[in-house]
Each structure stands twice: as structure tokens, then as C-alpha cells.
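Everything below belongs to work.pdb, which stores PDB, C-alpha atoms.
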ATOM      1  CA  MET A   1      50.373  53.511  63.943
ATOM      2  CA  ILE A   2      52.700  52.586  66.765
ATOM      3  CA  GLY A   3      54.061  49.078  67.017
ATOM      4  CA  ILE A   4      56.619  46.816  68.615
ATOM      5  CA  ASN A   5      59.433  48.404  66.608
ATOM      6  CA  ASP A   6      58.603  51.713  68.297
ATOM      7  CA  LEU A   7      58.792  49.966  71.660
ATOM      8  CA  LYS A   8      62.137  48.447  70.692
ATOM      9  CA  ASN A   9      63.548  51.901  69.916
ATOM     10  CA  ARG A  10      62.072  53.363  73.106
ATOM     11  CA  ILE A  11      63.569  50.546  75.215
ATOM     12  CA  GLU A  12      66.993  51.180  73.670
ATOM     13  CA  SER A  13      66.798  54.911  74.412
ATOM     14  CA  THR A  14      65.695  54.242  77.963
ATOM     15  CA  LEU A  15      68.445  51.683  78.530
ATOM     16  CA  ASN A  16      71.031  54.213  77.336
ATOM     17  CA  ALA A  17      69.701  56.800  79.799
ATOM     18  CA  LEU A  18      69.631  54.240  82.615
ATOM     19  CA  GLU A  19      73.199  53.165  81.903
ATOM     20  CA  GLN A  20      74.335  56.790  82.000
ATOM     21  CA  LYS A  21      72.576  57.232  85.332
ATOM     22  CA  GLN A  22      74.174  54.076  86.687
ATOM     23  CA  ARG A  23      77.677  55.225  85.712
ATOM     24  CA  SER A  24      77.185  58.409  87.720
ATOM     25  CA  SER A  25      75.254  57.107  90.732
ATOM     26  CA  GLN A  26      75.788  53.374  91.299
ATOM     27  CA  GLU A  27      72.277  53.032  92.762
ATOM     28  CA  ALA A  28      71.042  49.461  93.162
ATOM     29  CA  ILE A  29      67.520  50.443  92.092
ATOM     30  CA  VAL A  30      68.864  51.613  88.735
ATOM     31  CA  ASP A  31      70.505  48.202  88.265
ATOM     32  CA  ASN A  32      67.099  46.635  88.882
ATOM     33  CA  PHE A  33      65.508  48.858  86.241
ATOM     34  CA  ILE A  34      68.215  47.939  83.734
ATOM     35  CA  VAL A  35      67.560  44.232  84.290
ATOM     36  CA  LYS A  36      63.807  44.709  83.804
ATOM     37  CA  TYR A  37      64.299  46.682  80.599
ATOM     38  CA  MET A  38      66.722  44.051  79.296
ATOM     39  CA  VAL A  39      64.107  41.329  79.886
ATOM     40  CA  VAL A  40      61.660  43.205  77.664
ATOM     41  CA  GLN A  41      64.367  43.938  75.103
ATOM     42  CA  SER A  42      65.178  40.231  74.971
ATOM     43  CA  ALA A  43      61.504  39.361  74.442
ATOM     44  CA  ILE A  44      61.374  41.766  71.498
ATOM     45  CA  GLN A  45      64.629  40.496  69.992
ATOM     46  CA  SER A  46      63.520  36.875  70.280
ATOM     47  CA  GLY A  47      60.511  37.616  68.083
ATOM     48  CA  LYS A  48      57.824  36.822  70.632
ATOM     49  CA  PRO A  49      54.263  37.781  69.688
ATOM     50  CA  LYS A  50      53.047  41.256  70.631
ATOM     51  CA  GLU A  51      50.815  39.923  73.417
ATOM     52  CA  GLU A  52      53.733  38.149  75.111
ATOM     53  CA  ILE A  53      55.986  41.187  74.772
ATOM     54  CA  LEU A  54      53.346  43.399  76.350
ATOM     55  CA  LYS A  55      52.891  40.882  79.153
ATOM     56  CA  GLU A  56      56.642  41.104  79.855
ATOM     57  CA  ALA A  57      56.508  44.906  79.533
ATOM     58  CA  ARG A  58      53.997  45.198  82.378
ATOM     59  CA  ILE A  59      56.924  44.922  84.808
ATOM     60  CA  LEU A  60      58.071  48.353  83.604
ATOM     61  CA  LEU A  61      54.838  50.165  84.404
ATOM     62  CA  GLY A  62      55.127  52.354  87.477
ATOM     63  CA  SER A  63      58.930  52.147  87.642
ATOM     64  CA  ALA A  64      59.506  55.874  87.160
ATOM     65  CA  ARG A  65      56.978  56.708  89.833
ATOM     66  CA  GLY A  66      58.529  54.107  92.113
ATOM     67  CA  TYR A  67      61.931  55.739  91.772
ATOM     68  CA  LEU A  68      60.455  59.060  92.845
ATOM     69  CA  GLU A  69      59.712  57.508  96.220
ATOM     70  CA  THR A  70      63.490  57.383  96.739
ATOM     71  CA  SER A  71      64.344  60.745  95.182
ATOM     72  CA  SER A  72      62.704  64.138  94.837
ATOM     73  CA  ASN A  73      64.630  65.035  91.675
ATOM     74  CA  TYR A  74      62.093  64.284  88.970
ATOM     75  CA  GLU A  75      63.946  66.241  86.259
ATOM     76  CA  GLN A  76      66.434  63.450  85.580
ATOM     77  CA  GLU A  77      66.806  62.309  81.972
ATOM     78  CA  PHE A  78      66.410  58.604  82.701
ATOM     79  CA  LEU A  79      63.079  59.287  84.431
ATOM     80  CA  LYS A  80      61.833  61.179  81.406
ATOM     81  CA  GLU A  81      62.835  58.244  79.190
ATOM     82  CA  MET A  82      61.183  55.736  81.507
ATOM     83  CA  SER A  83      57.982  57.790  81.492
ATOM     84  CA  LYS A  84      57.955  57.875  77.683
ATOM     85  CA  THR A  85      58.401  54.101  77.593
ATOM     86  CA  GLU A  86      55.579  53.533  80.066
ATOM     87  CA  LYS A  87      53.288  55.788  78.033
ATOM     88  CA  LEU A  88      54.093  53.848  74.850
ATOM     89  CA  ILE A  89      53.419  50.504  76.548
ATOM     90  CA  LYS A  90      50.014  51.766  77.653
ATOM     91  CA  GLN A  91      49.248  52.919  74.094
ATOM     92  CA  LEU A  92      50.235  49.543  72.673
ATOM     93  CA  LYS A  93      47.929  47.783  75.123
ATOM     94  CA  GLU A  94      44.887  49.710  73.870
TER
END
Final C-alpha cells representation of the file:
Amino acid sequence: MIGINDLKNRIESTLNALEQKQRSSQEAIVDNFIVKYMVVQSAIQSGKPKEEILKEARILLGSARGYLETSSNYEQEFLKEMSKTEKLIKQLKE
């Protein structure tokens, strides 16, 4: 069964991919994604209840798709990681 610890690990992987992307591109939108992911990471680390963490995590949903409105390169690693995170959030909400 998936849980908040799985989300924690997924957030960390996604943040790593986003930070790599930011080092190579310096795009402001990537900075915004990093901030959003760090908010959710902080909620997890502070020990908030699952419901509150998932409420915070809603800000991440649709981010990968939103980025694709600025770029046609959908084969980027950070987008794959963001998509995996969004999928996990949706599963945790069920």
C-alpha cells in the first residue's frame, strides 16, 4: 500500500530532477516548481496529517502539463518525474 513515505521519496526524486534542469536552463518556471515541491516536502517533514499534506500537494497537480505549454520537448527527465509525482498524489487521494 502506498503512503506518505512514498510521496516523500517521490518528492525528493522530483526535486533532484528539477534542480538539475534549473542548473542547465535557468528558467523562472522551474524555480516556481521547485518552490511548490519544497512546500509539500516541508509539510511532510513537519509531520502534518495525511489530509493536510494532500491538500498542500494539490498545488503540484497539472504542473507538468502546464510546463508543456511553454515547451514542446516532453521527453525531459524532470517532466517524467513530475508526472510520476502527480500520479502518486492522485493515488493517495483515492
Can you work out the spacing between atom CA of A:Asn73 and atom CA of A:Ser25 in Å, to one decimal?
-> 13.3 Å
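Picture a line from atom CA of A:Ser13 to atom CA of A:Val30; it runs 14.8 Å.
Compared by their closest atoms to A:Leu18, and using only C-alpha atoms, the residues A:Leu68, A:Leu79, A:Leu60, A:Ile44 rank with A:Leu79 nearest.
Atom CA of A:Ile11 is found 6.7 Å from atom CA of A:Tyr37.
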Hey, what's within 10 Å of A:Asn16 if we count all atoms listed in the file and toss same-chain stuff fewer than 4 positions away? As a list in words, please?
-> Arg10, Ile11, Glu12, Gln20, Lys21, Gln22, Ile34, Phe78 and Glu81 of chain A
Can you write out the residues you just picked, keeping C-alpha atoms, as a JSON list (two decimals), keeping the file's coordinate frame?
[["chain", "number", "residue", "atom", "x", "y", "z"],
["A", 10, "ARG", "CA", 62.07, 53.36, 73.11],
["A", 11, "ILE", "CA", 63.57, 50.55, 75.22],
["A", 12, "GLU", "CA", 66.99, 51.18, 73.67],
["A", 20, "GLN", "CA", 74.33, 56.79, 82.00],
["A", 21, "LYS", "CA", 72.58, 57.23, 85.33],
["A", 22, "GLN", "CA", 74.17, 54.08, 86.69],
["A", 34, "ILE", "CA", 68.22, 47.94, 83.73],
["A", 78, "PHE", "CA", 66.41, 58.60, 82.70],
["A", 81, "GLU", "CA", 62.84, 58.24, 79.19]]
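The closest residue to A:Leu7, picked from A:Leu54, A:Ala64, A:Val39, A:Ile29 and counting all atoms listed in the file, is A:Leu54.
Counting all atoms listed in the file, A:Glu56 has the following residues at most 10 Å away, ignoring those fewer than 5 positions along the same chain: Lys36, Tyr37, Val39, Val40, Gln41, Ser42, Ala43, Ile44, Lys50 and Glu51 of chain A.
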Please define a box with edges along x, y and z of the file around all atoms of stretch 60-72 of chain A given in the file, extend it by 4 Å on each side, and return its centre and edge lengths in Å to one decimal, as JSON.
{"center_x": 59.6, "center_y": 56.2, "center_z": 90.2, "size_x": 17.5, "size_y": 23.8, "size_z": 21.1}
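Using all atoms listed in the file for every distance, the candidate list A:Arg65, A:Ala57, A:Gln76, A:Asn5 yields A:Ala57 as the residue closest to A:Lys90.
Picked out by the PyMOL selection byres ((chain A and resi 2) around 9) when it runs on this file: Met1, Gly3, Ile4, Asn5, Asp6, Leu7, Leu88, Gln91 and Leu92 of chain A.
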